[in-house]
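structure29.pdb (PDB, C-alpha atoms)
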MODEL        1
ATOM      1  CA  MET I  21     -24.953  -9.354 -31.796
ATOM      2  CA  ASP I  22     -24.173 -12.654 -30.059
ATOM      3  CA  TYR I  23     -20.889 -12.918 -28.250
ATOM      4  CA  THR I  24     -19.101 -15.105 -25.740
ATOM      5  CA  ILE I  25     -16.919 -13.776 -22.927
ATOM      6  CA  ARG I  26     -13.858 -15.986 -22.566
ATOM      7  CA  THR I  27     -10.241 -15.840 -21.434
ATOM      8  CA  ALA I  28      -8.060 -14.451 -24.219
ATOM      9  CA  LYS I  29      -5.776 -16.669 -26.246
ATOM     10  CA  LYS I  30      -2.362 -15.707 -27.558
ATOM     11  CA  SER I  31      -3.798 -15.596 -31.063
ATOM     12  CA  ASP I  32      -6.245 -12.849 -29.985
ATOM     13  CA  MET I  33      -3.456 -10.344 -29.308
ATOM     14  CA  PRO I  34      -3.515  -8.601 -32.719
ATOM     15  CA  GLN I  35      -7.213  -7.802 -32.189
ATOM     16  CA  VAL I  36      -6.578  -6.918 -28.532
ATOM     17  CA  LEU I  37      -3.930  -4.389 -29.592
ATOM     18  CA  LYS I  38      -6.384  -2.847 -32.065
ATOM     19  CA  LEU I  39      -8.872  -2.242 -29.256
ATOM     20  CA  ILE I  40      -6.119  -0.794 -27.042
ATOM     21  CA  GLN I  41      -5.204   1.609 -29.839
ATOM     22  CA  GLU I  42      -8.843   2.506 -30.381
ATOM     23  CA  LEU I  43      -9.185   3.505 -26.704
ATOM     24  CA  ALA I  44      -5.960   5.540 -26.871
ATOM     25  CA  VAL I  45      -7.411   7.508 -29.809
ATOM     26  CA  PHE I  46     -10.540   8.204 -27.734
ATOM     27  CA  GLU I  47      -8.312   9.418 -24.879
ATOM     28  CA  LYS I  48      -6.336  11.613 -27.316
ATOM     29  CA  GLU I  49      -3.095   9.761 -26.542
ATOM     30  CA  GLU I  50      -2.667   7.469 -29.528
ATOM     31  CA  GLN I  51       1.018   8.307 -29.908
ATOM     32  CA  GLU I  52       1.644   6.865 -26.425
ATOM     33  CA  VAL I  53       0.948   3.225 -27.384
ATOM     34  CA  GLU I  54       4.379   1.591 -27.634
ATOM     35  CA  VAL I  55       3.331  -1.990 -26.915
ATOM     36  CA  THR I  56       3.436  -4.421 -29.857
ATOM     37  CA  VAL I  57       1.568  -7.643 -30.588
ATOM     38  CA  ALA I  58       4.767  -9.557 -29.737
ATOM     39  CA  ASP I  59       4.953  -7.762 -26.359
ATOM     40  CA  LEU I  60       1.369  -8.718 -25.523
ATOM     41  CA  GLU I  61       2.019 -12.301 -26.597
ATOM     42  CA  ASN I  62       5.157 -12.584 -24.473
ATOM     43  CA  ASP I  63       3.846 -10.677 -21.464
ATOM     44  CA  GLY I  64       0.467 -12.378 -21.306
ATOM     45  CA  PHE I  65       1.393 -15.914 -22.322
ATOM     46  CA  GLY I  66       5.071 -16.342 -21.423
ATOM     47  CA  ALA I  67       6.650 -18.071 -18.438
ATOM     48  CA  GLU I  68       5.886 -15.089 -16.221
ATOM     49  CA  LYS I  69       2.320 -14.067 -17.004
ATOM     50  CA  LYS I  70       1.969 -10.332 -16.420
ATOM     51  CA  PHE I  71      -1.767  -9.946 -17.027
ATOM     52  CA  HIS I  72      -5.033 -11.812 -17.468
ATOM     53  CA  CYS I  73      -7.366 -10.856 -20.292
ATOM     54  CA  PHE I  74     -11.023 -11.562 -21.006
ATOM     55  CA  VAL I  75     -12.379 -10.950 -24.496
ATOM     56  CA  ALA I  76     -15.853 -10.718 -25.973
ATOM     57  CA  ASP I  77     -15.728 -12.905 -29.056
ATOM     58  CA  SER I  78     -18.346 -12.512 -31.771
ATOM     59  CA  GLU I  79     -18.836 -13.499 -35.404
ATOM     60  CA  VAL I  80     -17.034 -10.284 -36.434
ATOM     61  CA  GLY I  81     -14.137 -10.994 -34.063
ATOM     62  CA  ILE I  82     -13.128  -9.494 -30.701
ATOM     63  CA  ILE I  83     -15.452  -6.586 -29.845
ATOM     64  CA  GLY I  84     -14.448  -5.934 -26.248
ATOM     65  CA  LEU I  85     -11.909  -6.797 -23.566
ATOM     66  CA  ALA I  86     -11.046  -6.546 -19.902
ATOM     67  CA  LEU I  87      -7.355  -6.700 -19.007
ATOM     68  CA  LEU I  88      -6.293  -7.025 -15.378
ATOM     69  CA  TYR I  89      -3.477  -8.060 -13.045
ATOM     70  CA  PRO I  90      -2.777  -8.349  -9.318
ATOM     71  CA  ARG I  91      -1.731  -5.428  -7.174
ATOM     72  CA  TYR I  92      -0.966  -5.260  -3.460
ATOM     73  CA  SER I  93      -2.706  -2.996  -1.007
ATOM     74  CA  THR I  94      -0.898  -2.358   2.267
ATOM     75  CA  TRP I  95      -4.364  -1.971   3.807
ATOM     76  CA  LYS I  96      -6.227  -4.879   2.169
ATOM     77  CA  GLY I  97      -3.553  -7.315   0.924
ATOM     78  CA  PRO I  98      -3.808  -8.817  -2.590
ATOM     79  CA  VAL I  99      -6.173  -6.868  -4.864
ATOM     80  CA  ILE I 100      -6.980  -6.799  -8.580
ATOM     81  CA  HIS I 101      -6.418  -3.882 -10.932
ATOM     82  CA  LEU I 102      -8.491  -3.525 -14.070
ATOM     83  CA  GLU I 103      -6.104  -1.806 -16.461
ATOM     84  CA  ASP I 104      -8.478  -1.656 -19.431
ATOM     85  CA  LEU I 105     -12.178  -2.261 -19.982
ATOM     86  CA  ILE I 106     -12.754  -1.614 -23.672
ATOM     87  CA  VAL I 107     -15.873  -1.964 -25.774
ATOM     88  CA  ASN I 108     -15.623  -1.333 -29.511
ATOM     89  CA  ALA I 109     -17.358   1.956 -30.340
ATOM     90  CA  SER I 110     -20.041   0.207 -32.419
ATOM     91  CA  TYR I 111     -21.161  -1.887 -29.440
ATOM     92  CA  ARG I 112     -21.319   0.719 -26.657
ATOM     93  CA  GLY I 113     -24.586   0.743 -24.742
ATOM     94  CA  SER I 114     -25.282  -2.893 -25.627
ATOM     95  CA  GLY I 115     -24.570  -4.308 -22.164
ATOM     96  CA  LEU I 116     -21.173  -5.601 -23.220
ATOM     97  CA  GLY I 117     -19.326  -3.425 -20.678
ATOM     98  CA  THR I 118     -21.493  -4.915 -17.954
ATOM     99  CA  ALA I 119     -20.906  -8.456 -19.215
ATOM    100  CA  LEU I 120     -17.140  -7.898 -19.129
ATOM    101  CA  LEU I 121     -17.214  -6.272 -15.688
ATOM    102  CA  ASP I 122     -19.311  -9.202 -14.404
ATOM    103  CA  GLU I 123     -16.481 -11.561 -15.397
ATOM    104  CA  VAL I 124     -13.897  -9.334 -13.737
ATOM    105  CA  VAL I 125     -15.802  -9.217 -10.442
ATOM    106  CA  LYS I 126     -16.381 -12.984 -10.506
ATOM    107  CA  TYR I 127     -12.679 -13.500 -11.227
ATOM    108  CA  GLY I 128     -11.645 -11.195  -8.367
ATOM    109  CA  HIS I 129     -14.040 -12.989  -6.044
ATOM    110  CA  SER I 130     -12.634 -16.383  -7.092
ATOM    111  CA  LEU I 131      -9.171 -15.127  -6.090
ATOM    112  CA  GLY I 132     -10.492 -13.927  -2.737
ATOM    113  CA  VAL I 133      -9.398 -10.318  -3.192
ATOM    114  CA  LYS I 134     -10.992  -7.534  -1.152
ATOM    115  CA  ARG I 135     -10.904  -4.855  -3.830
ATOM    116  CA  ILE I 136     -10.905  -4.237  -7.561
ATOM    117  CA  SER I 137      -9.497  -0.893  -8.643
ATOM    118  CA  TRP I 138      -9.152   0.968 -11.903
ATOM    119  CA  GLU I 139      -8.682   4.533 -13.151
ATOM    120  CA  VAL I 140     -10.953   6.863 -15.069
ATOM    121  CA  LEU I 141     -10.590  10.211 -16.840
ATOM    122  CA  ASP I 142     -12.583  12.769 -14.873
ATOM    123  CA  TRP I 143     -14.238  14.110 -18.045
ATOM    124  CA  ASN I 144     -15.484  10.676 -19.082
ATOM    125  CA  GLU I 145     -18.909  11.146 -17.495
ATOM    126  CA  ALA I 146     -20.463   8.183 -19.329
ATOM    127  CA  ALA I 147     -17.840   5.847 -17.858
ATOM    128  CA  ILE I 148     -18.128   7.387 -14.380
ATOM    129  CA  LYS I 149     -21.910   7.047 -14.418
ATOM    130  CA  PHE I 150     -21.569   3.423 -15.519
ATOM    131  CA  TYR I 151     -19.040   2.586 -12.789
ATOM    132  CA  GLU I 152     -21.040   4.294 -10.064
ATOM    133  CA  SER I 153     -24.172   2.416 -11.159
ATOM    134  CA  LYS I 154     -22.207  -0.771 -10.444
ATOM    135  CA  GLY I 155     -21.384   0.304  -6.887
ATOM    136  CA  ALA I 156     -17.841   1.503  -7.552
ATOM    137  CA  ARG I 157     -16.532   4.589  -5.791
ATOM    138  CA  VAL I 158     -14.866   7.217  -7.978
ATOM    139  CA  MET I 159     -12.298   8.773  -5.665
ATOM    140  CA  ARG I 160     -11.969  12.234  -7.105
ATOM    141  CA  ASP I 161      -9.544  13.265  -4.354
ATOM    142  CA  TRP I 162      -6.982  10.642  -5.399
ATOM    143  CA  ASP I 163      -4.847  11.538  -8.416
ATOM    144  CA  VAL I 164      -2.558   9.338 -10.478
ATOM    145  CA  VAL I 165       1.135  10.314 -10.494
ATOM    146  CA  GLN I 166       3.567   9.154 -13.172
ATOM    147  CA  LEU I 167       7.300   9.367 -13.616
ATOM    148  CA  ASN I 168       7.655   8.523 -17.294
ATOM    149  CA  GLU I 169      10.640   7.233 -19.252
ATOM    150  CA  ALA I 170      12.118  10.681 -19.992
ATOM    151  CA  ALA I 171      11.578  11.813 -16.391
ATOM    152  CA  MET I 172      13.227   8.624 -15.059
ATOM    153  CA  LYS I 173      16.238   9.233 -17.307
ATOM    154  CA  ASN I 174      16.472  12.843 -16.174
ATOM    155  CA  TYR I 175      16.069  11.812 -12.524
ATOM    156  CA  LEU I 176      18.957   9.340 -12.734
ATOM    157  CA  GLU I 177      21.223  11.790 -14.544
ATOM    158  CA  ASN I 178      20.753  14.258 -11.705
ATOM    159  CA  LEU I 179      21.534  11.843  -8.868
TER     160      LEU I 179
ATOM    161  CA  MET P  19      20.207  10.951  11.999
ATOM    162  CA  ASP P  20      22.262   8.373  10.110
ATOM    163  CA  TYR P  21      20.355   5.742   8.207
ATOM    164  CA  THR P  22      20.869   3.103   5.548
ATOM    165  CA  ILE P  23      18.429   2.374   2.764
ATOM    166  CA  ARG P  24      18.232  -1.373   2.219
ATOM    167  CA  THR P  25      15.819  -4.041   1.000
ATOM    168  CA  ALA P  26      13.425  -5.016   3.788
ATOM    169  CA  LYS P  27      13.758  -8.292   5.651
ATOM    170  CA  LYS P  28      10.914 -10.417   6.916
ATOM    171  CA  SER P  29      11.810  -9.395  10.467
ATOM    172  CA  ASP P  30      11.172  -5.729   9.590
ATOM    173  CA  MET P  31       7.461  -6.303   8.956
ATOM    174  CA  PRO P  32       6.216  -5.342  12.455
ATOM    175  CA  GLN P  33       7.896  -1.940  12.056
ATOM    176  CA  VAL P  34       6.711  -1.686   8.437
ATOM    177  CA  LEU P  35       3.110  -2.221   9.555
ATOM    178  CA  LYS P  36       3.516   0.519  12.174
ATOM    179  CA  LEU P  37       4.532   2.976   9.462
ATOM    180  CA  ILE P  38       1.622   1.850   7.241
ATOM    181  CA  GLN P  39      -0.755   2.487  10.143
ATOM    182  CA  GLU P  40       0.860   5.864  10.816
ATOM    183  CA  LEU P  41       0.188   6.936   7.204
ATOM    184  CA  ALA P  42      -3.409   5.687   7.395
ATOM    185  CA  VAL P  43      -3.954   7.895  10.464
ATOM    186  CA  PHE P  44      -2.575  10.872   8.505
ATOM    187  CA  GLU P  45      -4.988  10.056   5.666
ATOM    188  CA  LYS P  46      -7.875   9.761   8.159
ATOM    189  CA  GLU P  47      -8.483   6.120   7.190
ATOM    190  CA  GLU P  48      -6.890   4.187  10.053
ATOM    191  CA  GLN P  49      -9.868   1.837  10.393
ATOM    192  CA  GLU P  50      -9.203   0.646   6.816
ATOM    193  CA  VAL P  51      -5.926  -1.155   7.616
ATOM    194  CA  GLU P  52      -6.803  -4.855   7.707
ATOM    195  CA  VAL P  53      -3.365  -6.243   6.830
ATOM    196  CA  THR P  54      -1.471  -8.007   9.643
ATOM    197  CA  VAL P  55       2.231  -8.594  10.258
ATOM    198  CA  ALA P  56       1.702 -12.233   9.229
ATOM    199  CA  ASP P  57       0.110 -11.082   5.949
ATOM    200  CA  LEU P  58       3.082  -8.847   5.146
ATOM    201  CA  GLU P  59       5.503 -11.651   6.030
ATOM    202  CA  ASN P  60       3.703 -14.168   3.812
ATOM    203  CA  ASP P  61       2.957 -11.800   0.948
ATOM    204  CA  GLY P  62       6.414 -10.221   0.772
ATOM    205  CA  PHE P  63       8.590 -13.202   1.592
ATOM    206  CA  GLY P  64       6.630 -16.290   0.587
ATOM    207  CA  ALA P  65       6.900 -18.450  -2.508
ATOM    208  CA  GLU P  66       4.999 -15.873  -4.557
ATOM    209  CA  LYS P  67       6.460 -12.505  -3.634
ATOM    210  CA  LYS P  68       3.741  -9.866  -4.030
ATOM    211  CA  PHE P  69       5.810  -6.737  -3.317
ATOM    212  CA  HIS P  70       9.323  -5.387  -2.886
ATOM    213  CA  CYS P  71      10.091  -3.120   0.042
ATOM    214  CA  PHE P  72      12.962  -0.744   0.797
ATOM    215  CA  VAL P  73      13.407   0.517   4.351
ATOM    216  CA  ALA P  74      15.437   3.308   5.921
ATOM    217  CA  ASP P  75      17.125   1.677   8.892
ATOM    218  CA  SER P  76      18.525   3.843  11.692
ATOM    219  CA  GLU P  77      19.686   3.405  15.279
ATOM    220  CA  VAL P  78      16.086   3.977  16.409
ATOM    221  CA  GLY P  79      14.753   1.387  13.946
ATOM    222  CA  ILE P  80      12.905   1.714  10.639
ATOM    223  CA  ILE P  81      12.062   5.373   9.985
ATOM    224  CA  GLY P  82      10.847   5.176   6.396
ATOM    225  CA  LEU P  83       9.865   2.795   3.627
ATOM    226  CA  ALA P  84       9.046   2.471  -0.048
ATOM    227  CA  LEU P  85       6.829  -0.465  -1.041
ATOM    228  CA  LEU P  86       6.333  -1.321  -4.699
ATOM    229  CA  TYR P  87       5.309  -4.024  -7.143
ATOM    230  CA  PRO P  88       5.016  -4.579 -10.904
ATOM    231  CA  ARG P  89       2.006  -3.458 -12.933
ATOM    232  CA  TYR P  90       1.315  -3.768 -16.645
ATOM    233  CA  SER P  91       0.583  -0.865 -18.944
ATOM    234  CA  THR P  92      -1.132  -1.715 -22.225
ATOM    235  CA  TRP P  93       0.706   1.305 -23.646
ATOM    236  CA  LYS P  94       4.198   0.870 -22.123
ATOM    237  CA  GLY P  95       4.446  -2.788 -21.082
ATOM    238  CA  PRO P  96       5.843  -3.707 -17.637
ATOM    239  CA  VAL P  97       5.875  -0.762 -15.210
ATOM    240  CA  ILE P  98       6.402  -0.295 -11.477
ATOM    241  CA  HIS P  99       3.847   0.976  -8.988
ATOM    242  CA  LEU P 100       4.941   2.657  -5.786
ATOM    243  CA  GLU P 101       2.162   1.748  -3.365
ATOM    244  CA  ASP P 102       3.608   3.547  -0.342
ATOM    245  CA  LEU P 103       6.406   6.028   0.287
ATOM    246  CA  ILE P 104       6.353   6.685   4.004
ATOM    247  CA  VAL P 105       8.634   8.797   6.172
ATOM    248  CA  ASN P 106       8.066   8.804   9.930
ATOM    249  CA  ALA P 107       6.604  12.178  10.948
ATOM    250  CA  SER P 108       9.710  13.080  13.017
ATOM    251  CA  TYR P 109      11.959  12.794   9.951
ATOM    252  CA  ARG P 110       9.970  14.674   7.311
ATOM    253  CA  GLY P 111      11.937  17.321   5.473
ATOM    254  CA  SER P 112      15.221  15.554   6.187
ATOM    255  CA  GLY P 113      15.821  14.295   2.658
ATOM    256  CA  LEU P 114      14.723  10.791   3.559
ATOM    257  CA  GLY P 115      11.813  10.826   1.089
ATOM    258  CA  THR P 116      14.257  11.717  -1.663
ATOM    259  CA  ALA P 117      16.690   8.988  -0.593
ATOM    260  CA  LEU P 118      13.885   6.405  -0.741
ATOM    261  CA  LEU P 119      12.584   7.646  -4.095
ATOM    262  CA  ASP P 120      16.153   7.510  -5.461
ATOM    263  CA  GLU P 121      16.236   3.783  -4.678
ATOM    264  CA  VAL P 122      12.843   3.250  -6.277
ATOM    265  CA  VAL P 123      13.875   4.973  -9.509
ATOM    266  CA  LYS P 124      17.174   3.065  -9.625
ATOM    267  CA  TYR P 125      15.281  -0.181  -9.023
ATOM    268  CA  GLY P 126      12.768   0.592 -11.781
ATOM    269  CA  HIS P 127      15.621   1.463 -14.144
ATOM    270  CA  SER P 128      17.391  -1.815 -13.300
ATOM    271  CA  LEU P 129      14.223  -3.667 -14.322
ATOM    272  CA  GLY P 130      14.031  -1.722 -17.577
ATOM    273  CA  VAL P 131      10.549  -0.332 -16.960
ATOM    274  CA  LYS P 132       9.326   2.736 -18.814
ATOM    275  CA  ARG P 133       7.230   4.207 -16.025
ATOM    276  CA  ILE P 134       6.852   4.417 -12.266
ATOM    277  CA  SER P 135       3.397   5.352 -11.046
ATOM    278  CA  TRP P 136       1.799   6.093  -7.703
ATOM    279  CA  GLU P 137      -1.234   7.889  -6.293
ATOM    280  CA  VAL P 138      -1.579  11.028  -4.205
ATOM    281  CA  LEU P 139      -4.376  12.741  -2.289
ATOM    282  CA  ASP P 140      -5.158  16.001  -4.070
ATOM    283  CA  TRP P 141      -5.102  17.965  -0.794
ATOM    284  CA  ASN P 142      -1.615  16.740   0.107
ATOM    285  CA  GLU P 143       0.136  19.769  -1.370
ATOM    286  CA  ALA P 144       3.469  19.027   0.345
ATOM    287  CA  ALA P 145       3.605  15.610  -1.306
ATOM    288  CA  ILE P 146       2.495  16.968  -4.699
ATOM    289  CA  LYS P 147       5.148  19.706  -4.591
ATOM    290  CA  PHE P 148       7.775  17.118  -3.692
ATOM    291  CA  TYR P 149       6.769  14.751  -6.511
ATOM    292  CA  GLU P 150       6.618  17.521  -9.099
ATOM    293  CA  SER P 151      10.082  18.728  -8.021
ATOM    294  CA  LYS P 152      11.313  15.235  -8.951
ATOM    295  CA  GLY P 153       9.870  15.461 -12.466
ATOM    296  CA  ALA P 154       6.729  13.420 -11.827
ATOM    297  CA  ARG P 155       3.451  14.418 -13.448
ATOM    298  CA  VAL P 156       0.428  14.654 -11.182
ATOM    299  CA  MET P 157      -2.459  13.740 -13.487
ATOM    300  CA  ARG P 158      -5.332  15.575 -11.858
ATOM    301  CA  ASP P 159      -7.715  14.460 -14.616
ATOM    302  CA  TRP P 160      -7.239  10.772 -13.761
ATOM    303  CA  ASP P 161      -9.196   9.522 -10.771
ATOM    304  CA  VAL P 162      -8.874   6.262  -8.869
ATOM    305  CA  VAL P 163     -11.948   3.996  -8.890
ATOM    306  CA  GLN P 164     -12.508   1.240  -6.338
ATOM    307  CA  LEU P 165     -15.004  -1.555  -5.984
ATOM    308  CA  ASN P 166     -14.485  -2.561  -2.355
ATOM    309  CA  GLU P 167     -15.306  -5.786  -0.525
ATOM    310  CA  ALA P 168     -18.889  -4.812   0.344
ATOM    311  CA  ALA P 169     -19.522  -3.501  -3.195
ATOM    312  CA  MET P 170     -18.096  -6.709  -4.716
ATOM    313  CA  LYS P 171     -20.404  -8.776  -2.513
ATOM    314  CA  ASN P 172     -23.391  -6.641  -3.455
ATOM    315  CA  TYR P 173     -22.419  -6.795  -7.148
ATOM    316  CA  LEU P 174     -22.311 -10.600  -7.128
ATOM    317  CA  GLU P 175     -25.586 -10.906  -5.236
ATOM    318  CA  ASN P 176     -27.293  -8.870  -7.945
ATOM    319  CA  LEU P 177     -25.961 -10.851 -10.906
TER     320      LEU P 177
ENDMDL
END

So, in terms of C-alpha cells, how does the structure I just supplied come out?
Amino acid sequence: MDYTIRTAKKSDMPQVLKLIQELAVFEKEEQEVEVTVADLENDGFGAEKKFHCFVADSEVGIIGLALLYPRYSTWKGPVIHLEDLIVNASYRGSGLGTALLDEVVKYGHSLGVKRISWEVLDWNEAAIKFYESKGARVMRDWDVVQLNEAAMKNYLENL
Amino acid sequence: MDYTIRTAKKSDMPQVLKLIQELAVFEKEEQEVEVTVADLENDGFGAEKKFHCFVADSEVGIIGLALLYPRYSTWKGPVIHLEDLIVNASYRGSGLGTALLDEVVKYGHSLGVKRISWEVLDWNEAAIKFYESKGARVMRDWDVVQLNEAAMKNYLENL
C-alpha cells in the first residue's frame, strides 16, 4: 500500500475521527469519545489552533495519524506531546507507525524542543516494545491522574 | 501562616524556579532542571504565553505554586494539564495544596474544560492519597513515555 504522510487538512477530520473512535474501541473506552467532527475542525483549524495533525493518506483514504500539541516542562521548557499515534488495524506492522513517528520527531526537532512525550497502556506490550525500540523510555513509575467532568463538578459543589 | 493565592507575576519567577528545583530534589532528579529564570519569564509572560501559574504568597515569600497549561484530548476536546503542584516542605499538611488545587479546578471550570490531568510518581503515596481524596482517578495502567533530547538526536541520526 502506497501512502503519503502529510499535514492534515480540515476536510480530513471525518476520517480522523473514525480512527480516533477505532482506537477507543481497542482501548475498551469507546463510550468516552465525545469529540465531534465539528470540534476537530474548529479546534485544529480555527483562529486558535489547539493541535497539529499528520495523516497517512492512501488510495483508500486516511489509514493512520499522529496528533500532537505543545506542552511545557518546568525542567526542559517547551516540549511536544503526542496525544495519538493511530494506525488502522489492517495496516499494523507495515512500518506506518514508524513513518508517522519519524514525522513527529522531525517536527519536534524543527521546533527545537528537548522532549516528546506520550502515554501508553501498560498492557499494550506491542506498543511498548515498538516505542522502546525507537529509544523512548516507558516510565512505569509515573502514572496519569485525571479529574474528569463529574469529579470537577463534585469538587466545586463541595468547596 | 497567612497567604494569598494569586496569579503569578513575572517578578515571582526566581522564587518559582526555587520551588521547581526543590521538587526535583525530592524526586531525585535535580540535575534534570535546565530551565532558567529568564526562560520562565519569557515563556510565561511573553507574546505567546506557554503556561499559567498560581502562587501562594506569604510574608516569607512564595510558599507554593500550581503551574498549568492547555492540552487537547481527542476524546474530550480542550483540557487542562497541571504540570506542577508544589508546596514548600515546611508548609506541607497545612491545607495549602488543597487551596492551590481549588484554584486550579475553578480555573479549569471557568475555561469550560471537561478534564484536568496531571502525573504522579507511583511511590508518592502521600500525593496519591491526597489526589484520590479530591475525587481524582490515579490511572495506574497508563504510563508516561518520553523521548528525551539525546534519544531524539539519536533517532534523527538513524533515519

Near Val55 in chain I, within 9 Å and counting only C-alpha atoms, which residues show up once chain neighbours fewer than 2 positions away are dropped, as a list in words?
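Skipping anything fewer than 2 positions along the chain leaves Leu37, Val53, Val57, Ala58, Asp59 and Leu60 of chain I; Ser91, Thr92, Trp93, Lys94 and Gly95 of chain P.
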
Residue nearest Leu179 in chain I among P:Lys147, P:Lys132, P:Lys124, P:Lys46 (counting only C-alpha atoms):
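Checking each candidate against Leu179 in chain I, we get P:Lys124 as the closest.
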
Explicit residue set for the PyMOL selection byres ((chain P and resi 122) around 10), as an NGL selection string
:P and (70-72 or 84-86 or 98-100 or 103 or 116-121 or 123-128 or 134)

Exactly which residues make up the result of the PyMOL selection byres ((chain I and resi 170) around 12) on this file, given as a ChimeraX atom specification?
/I:166-169,171-177 /P:127,131-134,152-155

Looking at P:Ile80, P:Asp30, P:Val162, P:Leu129, which one is nearest to Tyr151 in chain I, with distances taken over all atoms listed in the file?
P:Val162

Report the residues retrieved by the PyMOL selection byres ((chain P and resi 78) around 10) from the displayed file, expressed as a PDB file with C-alpha atoms, in the frame of the given file.
ATOM      1  CA  MET P  19      20.207  10.951  11.999  1.00  0.00           C
ATOM      2  CA  ASP P  20      22.262   8.373  10.110  1.00  0.00           C
ATOM      3  CA  TYR P  21      20.355   5.742   8.207  1.00  0.00           C
ATOM      4  CA  ASP P  75      17.125   1.677   8.892  1.00  0.00           C
ATOM      5  CA  SER P  76      18.525   3.843  11.692  1.00  0.00           C
ATOM      6  CA  GLU P  77      19.686   3.405  15.279  1.00  0.00           C
ATOM      7  CA  GLY P  79      14.753   1.387  13.946  1.00  0.00           C
ATOM      8  CA  ILE P  80      12.905   1.714  10.639  1.00  0.00           C
ATOM      9  CA  ILE P  81      12.062   5.373   9.985  1.00  0.00           C
TER      10      ILE P  81
END

Out of I:Glu52, I:Glu42, I:Glu47, I:Glu68, which residue has the shortest atom-to-atom distance to chain P when counting only C-alpha atoms?
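The answer is I:Glu52, which sits nearest to chain P.
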
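Across the structure, CA of Thr22 in chain P and CA of Gly82 in chain P are spaced 10.3 Å apart.
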
Top pick for closest residue to chain P, considering I:Val99, I:Asn108, I:Gly115, I:Glu54 and counting all atoms listed in the file:
I:Glu54

Quick one, how far is CA of Pro90 in chain I from CA of Phe69 in chain P?
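Those two atoms sit 10.6 Å apart.
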
So how far away is CA of Val105 in chain P from CA of Glu59 in chain P, in Å?
20.7 Å

May I have the residues at most 6 Å from (-10.8, 7.7, -5.8) in the file's coordinates, counting all atoms listed in the file, as a list in words?
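Answer for this query, in the requested form: Val158, Met159, Arg160, Asp161 and Trp162 of chain I; Asp161, Val162 and Val163 of chain P.
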
Go through I:Glu145, I:Asp104, I:Glu139, I:Glu152 and flag the residue nearest chain P, using all atoms listed in the file for the distances.
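When distances to chain P are compared using all atoms listed in the file, the smallest one comes from I:Glu139.
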
Which residue gives the smallest distance to Ala28 in chain I among I:Ala147, I:Ile40, I:Ala76, I:Ala67, with all atoms listed in the file counted?
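Closest residue, counting all atoms listed in the file: I:Ala76.
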
Given 5 Å of margin on each side, can you work out the centre and size in Å (one decimal) of an axis-aligned box holding every listed atom of range 156-162 of chain I, as lines of an AutoDock Vina configuration file?
center_x = -12.4
center_y = 7.4
center_z = -6.2
size_x = 20.9
size_y = 21.8
size_z = 13.6

Using the atoms already present, construct N, CA and C atoms for range 96-108 of chain P and hand them back as a PDB file, in the coordinates of the input.
ATOM      1  N   PRO P  96       5.643  -3.580 -19.088  1.00  0.00           N
ATOM      2  CA  PRO P  96       5.843  -3.707 -17.637  1.00  0.00           C
ATOM      3  C   PRO P  96       6.243  -2.366 -17.013  1.00  0.00           C
ATOM      4  N   VAL P  97       5.587  -1.996 -15.951  1.00  0.00           N
ATOM      5  CA  VAL P  97       5.875  -0.762 -15.210  1.00  0.00           C
ATOM      6  C   VAL P  97       5.920  -1.104 -13.721  1.00  0.00           C
ATOM      7  N   ILE P  98       6.301  -0.111 -12.935  1.00  0.00           N
ATOM      8  CA  ILE P  98       6.402  -0.295 -11.477  1.00  0.00           C
ATOM      9  C   ILE P  98       5.390   0.618 -10.802  1.00  0.00           C
ATOM     10  N   HIS P  99       4.748   0.124  -9.778  1.00  0.00           N
ATOM     11  CA  HIS P  99       3.847   0.976  -8.988  1.00  0.00           C
ATOM     12  C   HIS P  99       4.387   1.112  -7.569  1.00  0.00           C
ATOM     13  N   LEU P 100       4.493   2.352  -7.143  1.00  0.00           N
ATOM     14  CA  LEU P 100       4.941   2.657  -5.786  1.00  0.00           C
ATOM     15  C   LEU P 100       3.693   2.790  -4.918  1.00  0.00           C
ATOM     16  N   GLU P 101       3.398   1.753  -4.156  1.00  0.00           N
ATOM     17  CA  GLU P 101       2.162   1.748  -3.365  1.00  0.00           C
ATOM     18  C   GLU P 101       2.267   2.704  -2.186  1.00  0.00           C
ATOM     19  N   ASP P 102       3.415   2.682  -1.510  1.00  0.00           N
ATOM     20  CA  ASP P 102       3.608   3.547  -0.342  1.00  0.00           C
ATOM     21  C   ASP P 102       5.016   4.102  -0.310  1.00  0.00           C
ATOM     22  N   LEU P 103       5.119   5.385  -0.040  1.00  0.00           N
ATOM     23  CA  LEU P 103       6.406   6.028   0.287  1.00  0.00           C
ATOM     24  C   LEU P 103       6.142   6.731   1.608  1.00  0.00           C
ATOM     25  N   ILE P 104       6.694   6.190   2.669  1.00  0.00           N
ATOM     26  CA  ILE P 104       6.353   6.685   4.004  1.00  0.00           C
ATOM     27  C   ILE P 104       7.612   7.111   4.753  1.00  0.00           C
ATOM     28  N   VAL P 105       7.560   8.307   5.305  1.00  0.00           N
ATOM     29  CA  VAL P 105       8.634   8.797   6.172  1.00  0.00           C
ATOM     30  C   VAL P 105       7.997   9.096   7.527  1.00  0.00           C
ATOM     31  N   ASN P 106       8.576   8.537   8.577  1.00  0.00           N
ATOM     32  CA  ASN P 106       8.066   8.804   9.930  1.00  0.00           C
ATOM     33  C   ASN P 106       7.990  10.314  10.154  1.00  0.00           C
ATOM     34  N   ALA P 107       6.896  10.741  10.796  1.00  0.00           N
ATOM     35  CA  ALA P 107       6.604  12.178  10.948  1.00  0.00           C
ATOM     36  C   ALA P 107       7.802  12.963  11.502  1.00  0.00           C
ATOM     37  N   SER P 108       8.589  12.365  12.391  1.00  0.00           N
ATOM     38  CA  SER P 108       9.710  13.080  13.017  1.00  0.00           C
ATOM     39  C   SER P 108      10.844  13.353  12.038  1.00  0.00           C
TER      40      SER P 108
END
